[in-house]
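Trainee: Hey, dropping data10.txt in here, compact mmCIF, C-alpha atoms:
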```
# COMPACT_ATOMS: atom_id res chain seq x y z
CA MET A 1432 0.00 0.00 0.00
CA SER A 1433 1.39 3.42 -0.96
CA GLN A 1434 2.28 5.65 1.95
CA HIS A 1435 0.07 8.34 0.44
CA LEU A 1436 -2.96 6.15 1.08
CA SER A 1437 -2.20 5.73 4.76
CA GLY A 1438 -4.84 7.45 6.80
CA THR A 1439 -7.60 6.56 4.32
CA ASN A 1440 -10.31 4.15 5.27
CA ARG A 1441 -8.39 1.20 3.78
CA PRO A 1442 -4.81 1.69 5.04
CA GLU A 1443 -3.89 -1.98 5.24
CA ALA A 1444 -6.17 -3.56 2.65
CA ALA A 1445 -4.93 -5.01 -0.61
CA PRO A 1446 -5.64 -2.94 -3.73
CA PHE A 1447 -8.98 -3.47 -5.41
CA THR A 1448 -8.87 -5.58 -8.57
CA GLU A 1449 -11.07 -5.37 -11.65
CA ARG A 1450 -13.28 -8.04 -10.04
CA THR A 1451 -13.83 -6.20 -6.75
CA PRO A 1452 -17.55 -5.34 -6.44
CA ARG A 1453 -16.90 -1.60 -6.00
CA VAL A 1454 -14.84 -1.53 -9.17
CA VAL A 1455 -17.43 -3.58 -11.03
CA ALA A 1456 -20.13 -1.13 -9.90
CA ALA A 1457 -18.03 1.85 -10.99
CA ARG A 1458 -17.43 0.23 -14.38
CA HIS A 1459 -21.18 0.55 -15.07
CA LEU A 1460 -20.59 4.31 -15.09
CA THR A 1461 -18.59 4.01 -18.31
CA ARG A 1462 -21.94 3.43 -20.06
CA ARG A 1463 -24.69 6.02 -20.44
CA GLN A 1464 -27.37 3.67 -19.15
CA GLY A 1465 -25.37 2.99 -16.00
CA ARG A 1466 -24.70 6.69 -15.46
CA ASP A 1467 -28.35 7.63 -15.88
CA LYS A 1468 -29.46 4.89 -13.50
CA ALA A 1469 -26.94 5.80 -10.80
CA GLY A 1470 -27.02 9.55 -11.25
CA ARG A 1471 -23.22 9.50 -11.15
CA PHE A 1472 -20.28 9.52 -13.54
CA LEU A 1473 -16.51 9.09 -13.63
CA ALA A 1474 -14.08 12.00 -13.93
CA GLU A 1475 -10.67 10.73 -14.96
CA GLY A 1476 -7.29 12.37 -14.62
CA ALA A 1477 -5.69 14.72 -12.11
CA GLN A 1478 -7.11 17.90 -13.65
CA ALA A 1479 -10.68 16.59 -13.73
CA VAL A 1480 -10.42 15.23 -10.19
CA ARG A 1481 -8.99 18.53 -8.94
CA GLU A 1482 -11.91 20.46 -10.45
CA ALA A 1483 -14.40 17.92 -9.12
CA LEU A 1484 -13.05 18.36 -5.59
CA ALA A 1485 -13.48 22.14 -5.93
CA TRP A 1486 -17.02 21.76 -7.33
CA LYS A 1487 -19.65 23.53 -5.24
CA ASN A 1488 -22.83 22.11 -6.80
CA GLY A 1489 -22.26 18.38 -6.35
CA ALA A 1490 -20.38 15.74 -4.47
CA VAL A 1491 -17.44 13.41 -5.06
CA HIS A 1492 -18.23 10.02 -3.55
CA GLU A 1493 -15.04 8.04 -4.07
CA LEU A 1494 -11.58 8.19 -5.60
CA PHE A 1495 -9.98 5.20 -7.29
CA VAL A 1496 -6.22 5.54 -7.54
CA THR A 1497 -3.25 3.35 -8.38
CA ALA A 1498 -0.14 3.38 -6.19
CA THR A 1499 1.83 5.23 -8.86
CA ALA A 1500 -0.87 7.85 -9.36
CA ALA A 1501 -1.15 8.25 -5.58
CA GLU A 1502 2.52 9.23 -5.39
CA ARG A 1503 2.04 11.79 -8.18
CA ASN A 1504 -1.13 13.27 -6.68
CA ALA A 1505 -0.53 13.28 -2.93
CA GLU A 1506 -2.04 16.75 -2.55
CA LEU A 1507 -5.30 15.70 -4.22
CA LEU A 1508 -5.57 12.65 -1.99
CA GLN A 1509 -4.92 14.76 1.08
CA THR A 1510 -7.73 17.13 0.08
CA ALA A 1511 -10.10 14.22 -0.50
CA SER A 1512 -9.15 12.56 2.77
CA GLN A 1513 -9.73 15.78 4.72
CA ARG A 1514 -13.24 15.91 3.27
CA GLY A 1515 -14.00 12.36 4.27
CA ILE A 1516 -14.12 11.07 0.71
CA ARG A 1517 -13.47 7.35 0.32
CA ILE A 1518 -10.10 6.68 -1.31
CA SER A 1519 -9.66 3.21 -2.77
CA GLU A 1520 -6.35 1.96 -4.11
CA VAL A 1521 -6.75 -0.15 -7.24
CA THR A 1522 -4.44 -2.24 -9.37
CA ASP A 1523 -3.31 -0.91 -12.72
CA LYS A 1524 -5.57 -3.44 -14.42
CA ALA A 1525 -8.56 -2.27 -12.38
CA ALA A 1526 -7.82 1.37 -13.26
CA ASP A 1527 -7.56 0.41 -16.93
CA SER A 1528 -10.98 -1.24 -16.73
CA LEU A 1529 -12.49 2.06 -15.54
CA SER A 1530 -10.67 4.21 -18.06
CA GLU A 1531 -11.88 5.26 -21.48
CA THR A 1532 -8.47 6.53 -22.58
CA VAL A 1533 -5.59 4.92 -24.44
CA THR A 1534 -3.18 6.01 -21.72
CA PRO A 1535 -5.03 5.87 -18.35
CA GLN A 1536 -3.84 8.29 -15.67
CA GLY A 1537 -4.65 5.99 -12.79
CA ILE A 1538 -6.89 8.38 -10.84
CA LEU A 1539 -10.67 8.67 -11.15
CA ALA A 1540 -13.45 10.27 -9.14
CA VAL A 1541 -17.03 9.05 -8.81
CA CYS A 1542 -19.10 12.25 -9.00
CA ASP A 1543 -22.73 13.30 -8.86
CA ALA A 1544 -24.34 13.90 -12.24
CA VAL A 1545 -23.71 17.45 -13.46
CA PRO A 1546 -26.89 18.60 -15.29
CA GLN A 1547 -29.36 20.88 -13.58
CA PRO A 1548 -33.01 21.51 -14.49
CA LEU A 1549 -33.34 23.98 -17.36
CA ASP A 1550 -34.95 26.69 -15.26
CA GLN A 1551 -32.20 26.40 -12.68
CA ALA A 1552 -29.40 26.53 -15.24
CA LEU A 1553 -30.98 29.63 -16.79
CA GLN A 1554 -31.97 31.40 -13.60
CA GLY A 1555 -31.22 35.07 -13.12
CA THR A 1556 -30.50 37.12 -16.20
CA PRO A 1557 -28.19 35.05 -18.44
CA ARG A 1558 -26.39 36.96 -21.16
CA LEU A 1559 -24.63 34.20 -23.07
CA VAL A 1560 -25.56 30.54 -23.42
CA ALA A 1561 -24.30 27.75 -25.69
CA VAL A 1562 -26.86 25.20 -26.91
CA LEU A 1563 -25.59 21.97 -28.50
CA HIS A 1564 -28.21 20.41 -30.75
CA GLY A 1565 -27.65 16.94 -32.21
CA VAL A 1566 -23.90 17.02 -31.53
CA SER A 1567 -22.64 13.44 -31.51
CA ASP A 1568 -18.88 13.82 -31.07
CA PRO A 1569 -18.00 13.92 -27.35
CA GLY A 1570 -14.67 15.60 -27.99
CA ASN A 1571 -16.36 18.50 -29.75
CA ALA A 1572 -19.07 18.76 -27.09
CA GLY A 1573 -16.48 18.88 -24.33
CA THR A 1574 -14.38 21.43 -26.19
CA VAL A 1575 -17.40 23.70 -26.75
CA THR A 1576 -18.12 23.45 -23.02
CA ARG A 1577 -14.54 24.53 -22.32
CA VAL A 1578 -14.82 27.40 -24.82
CA ALA A 1579 -18.14 28.54 -23.33
CA ASP A 1580 -16.55 28.55 -19.89
CA ALA A 1581 -13.57 30.55 -21.14
CA ALA A 1582 -15.85 33.07 -22.88
CA GLY A 1583 -17.77 33.65 -19.66
CA ALA A 1584 -20.99 31.98 -20.80
CA ASP A 1585 -23.70 31.51 -18.21
CA ALA A 1586 -24.66 27.94 -19.15
CA VAL A 1587 -24.28 25.11 -21.66
CA ILE A 1588 -27.36 23.15 -22.71
CA PHE A 1589 -27.28 19.73 -24.38
CA ALA A 1590 -30.46 19.60 -26.49
CA GLY A 1591 -32.14 16.92 -28.55
CA ASP A 1592 -30.17 13.83 -29.53
CA THR A 1593 -26.83 15.14 -28.28
CA VAL A 1594 -24.00 13.18 -26.69
CA ASP A 1595 -24.10 12.66 -22.93
CA PRO A 1596 -22.10 15.41 -21.14
CA HIS A 1597 -20.79 12.67 -18.81
CA ASN A 1598 -19.23 10.68 -21.65
CA GLY A 1599 -15.60 10.06 -20.70
CA LYS A 1600 -14.17 11.81 -23.75
CA CYS A 1601 -16.54 14.75 -23.27
CA VAL A 1602 -15.47 15.13 -19.64
CA ARG A 1603 -11.78 15.04 -20.60
CA ALA A 1604 -12.22 17.54 -23.45
CA SER A 1605 -13.91 19.98 -21.09
CA THR A 1606 -10.74 19.96 -18.92
CA GLY A 1607 -12.78 20.63 -15.80
CA SER A 1608 -15.12 23.26 -17.27
CA LEU A 1609 -17.97 20.80 -16.81
CA PHE A 1610 -17.74 21.70 -13.12
CA HIS A 1611 -17.48 25.47 -13.62
CA LEU A 1612 -20.79 26.54 -15.15
CA PRO A 1613 -24.37 25.28 -15.17
CA ILE A 1614 -25.00 22.33 -17.49
CA ALA A 1615 -28.50 21.24 -18.52
CA ARG A 1616 -29.76 18.63 -20.93
CA SER A 1617 -33.12 17.88 -22.48
CA ARG A 1618 -34.09 15.60 -25.33
CA ASP A 1619 -36.91 18.04 -26.10
CA ALA A 1620 -35.24 20.80 -28.13
CA ASP A 1621 -38.45 22.83 -28.24
CA GLU A 1622 -38.44 22.85 -24.45
CA VAL A 1623 -34.89 24.19 -24.51
CA PHE A 1624 -35.76 26.95 -26.99
CA ALA A 1625 -38.80 27.97 -24.96
CA ALA A 1626 -36.75 28.08 -21.76
CA CYS A 1627 -34.10 30.25 -23.42
CA ARG A 1628 -36.72 32.70 -24.68
CA ALA A 1629 -38.36 32.79 -21.25
CA ALA A 1630 -34.95 33.74 -19.83
CA GLY A 1631 -34.79 36.69 -22.24
CA LEU A 1632 -32.31 35.17 -24.66
CA ARG A 1633 -32.31 35.67 -28.41
CA LEU A 1634 -31.86 32.33 -30.21
CA VAL A 1635 -29.17 32.52 -32.87
CA ALA A 1636 -28.27 29.64 -35.17
CA ALA A 1637 -24.64 29.20 -36.12
CA ASP A 1638 -25.22 28.40 -39.79
CA GLY A 1639 -22.64 28.42 -42.54
CA TYR A 1640 -25.39 29.14 -45.08
CA ALA A 1641 -26.81 32.18 -43.30
CA GLU A 1642 -27.12 35.40 -45.27
CA GLN A 1643 -25.71 37.62 -42.53
CA ASP A 1644 -22.32 37.13 -40.90
CA LEU A 1645 -20.87 37.94 -37.49
CA VAL A 1646 -19.23 41.18 -38.63
CA GLU A 1647 -22.48 42.65 -39.91
CA ALA A 1648 -24.34 41.52 -36.77
CA SER A 1649 -21.69 43.13 -34.59
CA GLN A 1650 -21.87 46.41 -36.51
CA ASN A 1651 -25.65 46.41 -36.05
CA GLY A 1652 -25.29 45.88 -32.30
CA ASP A 1653 -27.04 42.50 -32.47
CA LEU A 1654 -24.29 40.58 -30.71
CA ALA A 1655 -24.53 42.79 -27.63
CA GLN A 1656 -27.98 41.37 -26.91
CA PRO A 1657 -28.48 38.43 -24.51
CA THR A 1658 -27.89 35.46 -26.80
CA ALA A 1659 -28.26 31.71 -26.86
CA TRP A 1660 -26.04 30.41 -29.65
CA VAL A 1661 -27.34 27.15 -31.12
CA PHE A 1662 -24.73 24.84 -32.65
CA GLY A 1663 -25.55 21.80 -34.77
CA SER A 1664 -23.89 18.52 -35.62
CA GLU A 1665 -20.39 18.31 -37.02
CA ALA A 1666 -21.41 16.75 -40.32
CA HIS A 1667 -24.72 18.40 -41.15
CA GLY A 1668 -25.11 21.48 -38.98
CA LEU A 1669 -28.60 22.44 -37.88
CA PRO A 1670 -31.62 21.01 -39.74
CA ASP A 1671 -33.66 23.59 -41.67
CA ASP A 1672 -36.71 23.01 -39.48
CA VAL A 1673 -34.67 23.82 -36.38
CA VAL A 1674 -33.18 26.97 -37.93
CA ALA A 1675 -36.72 28.08 -38.79
CA LYS A 1676 -37.66 27.96 -35.09
CA LEU A 1677 -34.84 30.30 -34.06
CA ASP A 1678 -34.79 34.08 -34.11
CA THR A 1679 -32.00 34.47 -36.64
CA SER A 1680 -28.96 32.75 -38.10
CA LEU A 1681 -25.41 33.97 -38.58
CA LYS A 1682 -22.30 32.63 -40.28
CA VAL A 1683 -18.63 33.03 -39.54
CA PRO A 1684 -17.05 34.89 -42.47
CA LEU A 1685 -14.37 32.89 -44.29
CA TYR A 1686 -11.74 35.18 -45.80
CA GLY A 1687 -9.41 32.49 -47.07
CA ALA A 1688 -9.83 29.35 -49.14
CA ALA A 1689 -11.01 27.05 -46.33
CA GLU A 1690 -14.37 25.51 -47.06
CA SER A 1691 -15.56 25.60 -43.46
CA LEU A 1692 -14.60 25.57 -39.78
CA ASN A 1693 -15.04 22.64 -37.45
CA LEU A 1694 -17.69 22.87 -34.76
CA ALA A 1695 -15.45 23.75 -31.82
CA THR A 1696 -13.61 26.46 -33.76
CA ALA A 1697 -16.82 28.00 -35.08
CA ALA A 1698 -18.30 27.95 -31.58
CA ALA A 1699 -15.22 29.71 -30.20
CA VAL A 1700 -15.48 32.49 -32.80
CA CYS A 1701 -19.23 32.96 -32.22
CA LEU A 1702 -19.13 32.89 -28.42
CA TYR A 1703 -16.18 35.25 -28.19
CA ALA A 1704 -17.77 37.65 -30.68
CA SER A 1705 -20.80 37.89 -28.40
CA ALA A 1706 -18.70 38.06 -25.25
CA ARG A 1707 -16.63 40.93 -26.69
CA ASP A 1708 -19.64 42.98 -27.78
CA GLN A 1709 -21.53 42.38 -24.56
CA ARG A 1710 -18.57 43.61 -22.54
CA ASN A 1711 -18.07 46.65 -24.72
```
Take the structure in this file and express it as structure tokens.

Mentor:
Amino acid sequence: MSQHLSGTNRPEAAPFTERTPRVVAARHLTRRQGRDKAGRFLAEGAQAVREALAWKNGAVHELFVTATAAERNAELLQTASQRGIRISEVTDKAADSLSETVTPQGILAVCDAVPQPLDQALQGTPRLVAVLHGVSDPGNAGTVTRVADAAGADAVIFAGDTVDPHNGKCVRASTGSLFHLPIARSRDADEVFAACRAAGLRLVAADGYAEQDLVEASQNGDLAQPTAWVFGSEAHGLPDDVVAKLDTSLKVPLYGAAESLNLATAAAVCLYASARDQRN
């Protein structure tokens, strides 16, 4: 047993293996059905665990850590121990069984589910919100969450048939931002749009085929308004029937020869354009 695990609730026990019931139970959280049933998910890696421990709106229930990772992350384990969080040493093979990465970091936290009810995520007077509609790639969804956090957005909403925000790759791509700002999800996109309007937000589609671009909208003062940017899937963007339900659509101007921007890059340009104008 690593010396860094002394003082936890299992100081003399042998490390958990991939067959230990607690590890088996945690492995269910690598699947969406298991996460939804338990109301919990796994945050993997030192950065994610650090942000989870600092999270004010939910709880961390357990840390799984290998002996090697424990030596690298003694400060994190000390913080968890001081808060009475269960710390369980696991074998490398057990950690691998919980990981969704090619190179597991050997430290994972079992956390409460992140999403809040729509009205709670949009409470107050939000100025900037990112809505992901039909986004299937977890890396892109996590990156947009990170961008929204960096741009000072008030919330991120996963709408319609969009990837689970607790997907392992999504959590990693958010680099902890999942714990920084309100996250909501609803399979009913119309419910999301109605909630955004009720919160005083103008619904703007990010659409490469829009007639007006960000520069024109900025010059007109449109981007200074409270805005919910709606981003569509990587391959097909937003369906026409969804665009028709929104207040307007805008495109990112392309000055060079590139055919288009990927989702995360386009979202960064749009969100920062709004953030800049709102602050000015």

Trainee: For Gln1478 (chain A), list every protein, DNA or RNA residue within 9 Å, evaluated using only C-alpha atoms, and leave out those in the same chain fewer than 3 positions away; present the list as a VMD selection string.

Mentor: chain A and resid 1475 1481 to 1483 1603 1606 to 1607

Trainee: Keeping C-alpha atoms, export the residues of the selection given above as a PDB file, in the frame of the given file.

Mentor:
```pdb
ATOM      1  CA  GLU A1475     -10.670  10.730 -14.960  1.00  0.00           C
ATOM      2  CA  ARG A1481      -8.990  18.530  -8.940  1.00  0.00           C
ATOM      3  CA  GLU A1482     -11.910  20.460 -10.450  1.00  0.00           C
ATOM      4  CA  ALA A1483     -14.400  17.920  -9.120  1.00  0.00           C
ATOM      5  CA  ARG A1603     -11.780  15.040 -20.600  1.00  0.00           C
ATOM      6  CA  THR A1606     -10.740  19.960 -18.920  1.00  0.00           C
ATOM      7  CA  GLY A1607     -12.780  20.630 -15.800  1.00  0.00           C
TER       8      GLY A1607
END
```

Trainee: Which residues are close to region 1540-1552 of chain A, i.e. within 6 Å by all atoms listed in the file, leaving aside same-chain residues fewer than 2 positions away? Reply as a PyMOL selection string.

Mentor: chain A and resi 1470-1474+1480+1489-1494+1554+1613-1615

Trainee: Quick one: distance from CA of Tyr1686 (chain A) to CA of Ser1705 (chain A) in Å, one decimal?

Mentor: 19.8 Å

Trainee: Using all atoms listed in the file, which of the listed residues (A:His1667, A:Arg1558, A:His1611, A:Lys1682) sits closest to Ala1630 (chain A)?

Mentor: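 Counting all atoms listed in the file, the residue closest to Ala1630 (chain A) is A:Arg1558.
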
Trainee: Counting all atoms listed in the file, what are the residues of region 1573-1637 of chain A within 7 Å of region 1649-1662 of chain A, and for each of them which pair of atoms is the nearest and at what distance in Å, to one decimal? Sort the table by chain and rising number, as a Markdown table.

Mentor:
```
| residue | atom | partner | partner_atom | distance |
| --- | --- | --- | --- | --- |
| A:Cys1627 | CA | A:Ala1659 | CA | 6.9 |
| A:Gly1631 | CA | A:Pro1657 | CA | 6.9 |
| A:Leu1632 | CA | A:Thr1658 | CA | 4.9 |
| A:Arg1633 | CA | A:Thr1658 | CA | 4.7 |
| A:Leu1634 | CA | A:Ala1659 | CA | 5.0 |
| A:Val1635 | CA | A:Trp1660 | CA | 5.0 |
| A:Ala1636 | CA | A:Val1661 | CA | 4.8 |
| A:Ala1637 | CA | A:Phe1662 | CA | 5.6 |
```

Trainee: Between CA of Arg1628 (chain A) and CA of Pro1557 (chain A), what is the distance in Å, rounded to a tenth?

Mentor: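 CA of Arg1628 (chain A) sits 10.8 Å away from CA of Pro1557 (chain A).
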
Trainee: Return as AutoDock Vina command-line options the box centre and box size in Å, one decimal, for an axis-aligned box around all listed atoms of region 1449-1468 of chain A padded by 5 Å per side.

Mentor:
```
--center_x -20.3 --center_y -0.2 --center_z -13.2 --size_x 28.4 --size_y 25.7 --size_z 24.4
```

Trainee: Need to verify the contact set: Phe1589 (chain A), 10 Å, all atoms listed in the file, exclusion of same-chain residues closer than 6 positions in sequence. Can you return it as a list in words?

Mentor: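 Near Phe1589 (chain A), the qualifying residues are Pro1546, Ala1561, Val1562, Leu1563, His1564, Gly1565, Val1566, Ala1572, Thr1576, Asp1595, Pro1596, Ile1614, Ala1615, Arg1616, Ser1617, Arg1618, Asp1619, Ala1620 and Val1623 of chain A.
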
Trainee: At a cut-off of 8 Å, using all atoms listed in the file, what residues contact region 1514-1527 of chain A? Leave out same-chain residues fewer than 2 positions from it and give the result as a PDB file with C-alpha atoms, in the coordinates of the input.

Mentor:
```pdb
ATOM      1  CA  MET A1432       0.000   0.000   0.000  1.00  0.00           C
ATOM      2  CA  LEU A1436      -2.960   6.150   1.080  1.00  0.00           C
ATOM      3  CA  THR A1439      -7.600   6.560   4.320  1.00  0.00           C
ATOM      4  CA  ASN A1440     -10.310   4.150   5.270  1.00  0.00           C
ATOM      5  CA  ARG A1441      -8.390   1.200   3.780  1.00  0.00           C
ATOM      6  CA  ALA A1445      -4.930  -5.010  -0.610  1.00  0.00           C
ATOM      7  CA  PRO A1446      -5.640  -2.940  -3.730  1.00  0.00           C
ATOM      8  CA  PHE A1447      -8.980  -3.470  -5.410  1.00  0.00           C
ATOM      9  CA  THR A1448      -8.870  -5.580  -8.570  1.00  0.00           C
ATOM     10  CA  GLU A1449     -11.070  -5.370 -11.650  1.00  0.00           C
ATOM     11  CA  ARG A1450     -13.280  -8.040 -10.040  1.00  0.00           C
ATOM     12  CA  VAL A1454     -14.840  -1.530  -9.170  1.00  0.00           C
ATOM     13  CA  VAL A1491     -17.440  13.410  -5.060  1.00  0.00           C
ATOM     14  CA  HIS A1492     -18.230  10.020  -3.550  1.00  0.00           C
ATOM     15  CA  GLU A1493     -15.040   8.040  -4.070  1.00  0.00           C
ATOM     16  CA  LEU A1494     -11.580   8.190  -5.600  1.00  0.00           C
ATOM     17  CA  PHE A1495      -9.980   5.200  -7.290  1.00  0.00           C
ATOM     18  CA  VAL A1496      -6.220   5.540  -7.540  1.00  0.00           C
ATOM     19  CA  THR A1497      -3.250   3.350  -8.380  1.00  0.00           C
ATOM     20  CA  ALA A1498      -0.140   3.380  -6.190  1.00  0.00           C
ATOM     21  CA  LEU A1508      -5.570  12.650  -1.990  1.00  0.00           C
ATOM     22  CA  THR A1510      -7.730  17.130   0.080  1.00  0.00           C
ATOM     23  CA  ALA A1511     -10.100  14.220  -0.500  1.00  0.00           C
ATOM     24  CA  SER A1512      -9.150  12.560   2.770  1.00  0.00           C
ATOM     25  CA  LEU A1529     -12.490   2.060 -15.540  1.00  0.00           C
ATOM     26  CA  SER A1530     -10.670   4.210 -18.060  1.00  0.00           C
ATOM     27  CA  GLU A1531     -11.880   5.260 -21.480  1.00  0.00           C
ATOM     28  CA  PRO A1535      -5.030   5.870 -18.350  1.00  0.00           C
ATOM     29  CA  GLY A1537      -4.650   5.990 -12.790  1.00  0.00           C
ATOM     30  CA  ILE A1538      -6.890   8.380 -10.840  1.00  0.00           C
TER      31      ILE A1538
END
```

Trainee: Please measure the separation of CA of Ala1625 (chain A) and CA of Asp1467 (chain A), giving the value in Å to one decimal.

Mentor: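 Taking CA of Ala1625 (chain A) and CA of Asp1467 (chain A), their separation equals 24.6 Å.
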
Trainee: Let me make sure I understand: among A:Asp1672, A:Glu1647, A:Glu1506, A:Asp1580, which one has the smallest atom-to-atom distance to Ser1608 (chain A) if we use only C-alpha atoms?

Mentor: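 Closest to Ser1608 (chain A) of all the choices is A:Asp1580.
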
Trainee: Is there a way to complete region 1653-1665 of chain A with N, CA, C and O atoms and then write that out as a PDB file, keeping the file's coordinate frame?

Mentor:
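So selection_28.pdb came out as:
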```
ATOM      1  N   ASP A1653     -26.249  43.695 -32.794  1.00  0.00           N
ATOM      2  CA  ASP A1653     -27.040  42.500 -32.470  1.00  0.00           C
ATOM      3  C   ASP A1653     -26.335  41.580 -31.480  1.00  0.00           C
ATOM      4  O   ASP A1653     -26.985  40.929 -30.657  1.00  0.00           O
ATOM      5  N   LEU A1654     -25.013  41.516 -31.558  1.00  0.00           N
ATOM      6  CA  LEU A1654     -24.290  40.580 -30.710  1.00  0.00           C
ATOM      7  C   LEU A1654     -24.194  41.041 -29.260  1.00  0.00           C
ATOM      8  O   LEU A1654     -23.804  40.272 -28.381  1.00  0.00           O
ATOM      9  N   ALA A1655     -24.555  42.287 -29.004  1.00  0.00           N
ATOM     10  CA  ALA A1655     -24.530  42.790 -27.630  1.00  0.00           C
ATOM     11  C   ALA A1655     -25.777  42.356 -26.857  1.00  0.00           C
ATOM     12  O   ALA A1655     -25.832  42.504 -25.636  1.00  0.00           O
ATOM     13  N   GLN A1656     -26.761  41.811 -27.568  1.00  0.00           N
ATOM     14  CA  GLN A1656     -27.980  41.370 -26.910  1.00  0.00           C
ATOM     15  C   GLN A1656     -27.750  40.042 -26.190  1.00  0.00           C
ATOM     16  O   GLN A1656     -26.889  39.258 -26.575  1.00  0.00           O
ATOM     17  N   PRO A1657     -28.557  39.757 -25.149  1.00  0.00           N
ATOM     18  CA  PRO A1657     -28.480  38.430 -24.510  1.00  0.00           C
ATOM     19  C   PRO A1657     -28.756  37.346 -25.547  1.00  0.00           C
ATOM     20  O   PRO A1657     -29.785  37.393 -26.246  1.00  0.00           O
ATOM     21  N   THR A1658     -27.849  36.401 -25.678  1.00  0.00           N
ATOM     22  CA  THR A1658     -27.890  35.460 -26.800  1.00  0.00           C
ATOM     23  C   THR A1658     -27.694  34.024 -26.369  1.00  0.00           C
ATOM     24  O   THR A1658     -26.825  33.725 -25.552  1.00  0.00           O
ATOM     25  N   ALA A1659     -28.502  33.152 -26.951  1.00  0.00           N
ATOM     26  CA  ALA A1659     -28.260  31.710 -26.860  1.00  0.00           C
ATOM     27  C   ALA A1659     -27.826  31.250 -28.247  1.00  0.00           C
ATOM     28  O   ALA A1659     -28.621  31.228 -29.185  1.00  0.00           O
ATOM     29  N   TRP A1660     -26.566  30.930 -28.382  1.00  0.00           N
ATOM     30  CA  TRP A1660     -26.040  30.410 -29.650  1.00  0.00           C
ATOM     31  C   TRP A1660     -26.416  28.929 -29.750  1.00  0.00           C
ATOM     32  O   TRP A1660     -26.190  28.158 -28.827  1.00  0.00           O
ATOM     33  N   VAL A1661     -26.946  28.541 -30.905  1.00  0.00           N
ATOM     34  CA  VAL A1661     -27.340  27.150 -31.120  1.00  0.00           C
ATOM     35  C   VAL A1661     -26.411  26.548 -32.169  1.00  0.00           C
ATOM     36  O   VAL A1661     -26.339  27.032 -33.309  1.00  0.00           O
ATOM     37  N   PHE A1662     -25.697  25.498 -31.783  1.00  0.00           N
ATOM     38  CA  PHE A1662     -24.730  24.840 -32.650  1.00  0.00           C
ATOM     39  C   PHE A1662     -25.226  23.453 -33.019  1.00  0.00           C
ATOM     40  O   PHE A1662     -25.724  22.715 -32.160  1.00  0.00           O
ATOM     41  N   GLY A1663     -25.061  23.089 -34.291  1.00  0.00           N
ATOM     42  CA  GLY A1663     -25.550  21.800 -34.770  1.00  0.00           C
ATOM     43  C   GLY A1663     -24.464  20.769 -34.906  1.00  0.00           C
ATOM     44  O   GLY A1663     -23.316  20.967 -34.480  1.00  0.00           O
ATOM     45  N   SER A1664     -24.805  19.650 -35.503  1.00  0.00           N
ATOM     46  CA  SER A1664     -23.890  18.520 -35.620  1.00  0.00           C
ATOM     47  C   SER A1664     -22.696  18.850 -36.488  1.00  0.00           C
ATOM     48  O   SER A1664     -22.741  19.743 -37.343  1.00  0.00           O
ATOM     49  N   GLU A1665     -21.627  18.084 -36.298  1.00  0.00           N
ATOM     50  CA  GLU A1665     -20.390  18.310 -37.020  1.00  0.00           C
ATOM     51  C   GLU A1665     -20.561  18.122 -38.521  1.00  0.00           C
ATOM     52  O   GLU A1665     -20.040  18.889 -39.320  1.00  0.00           O
TER      53      GLU A1665
END
```
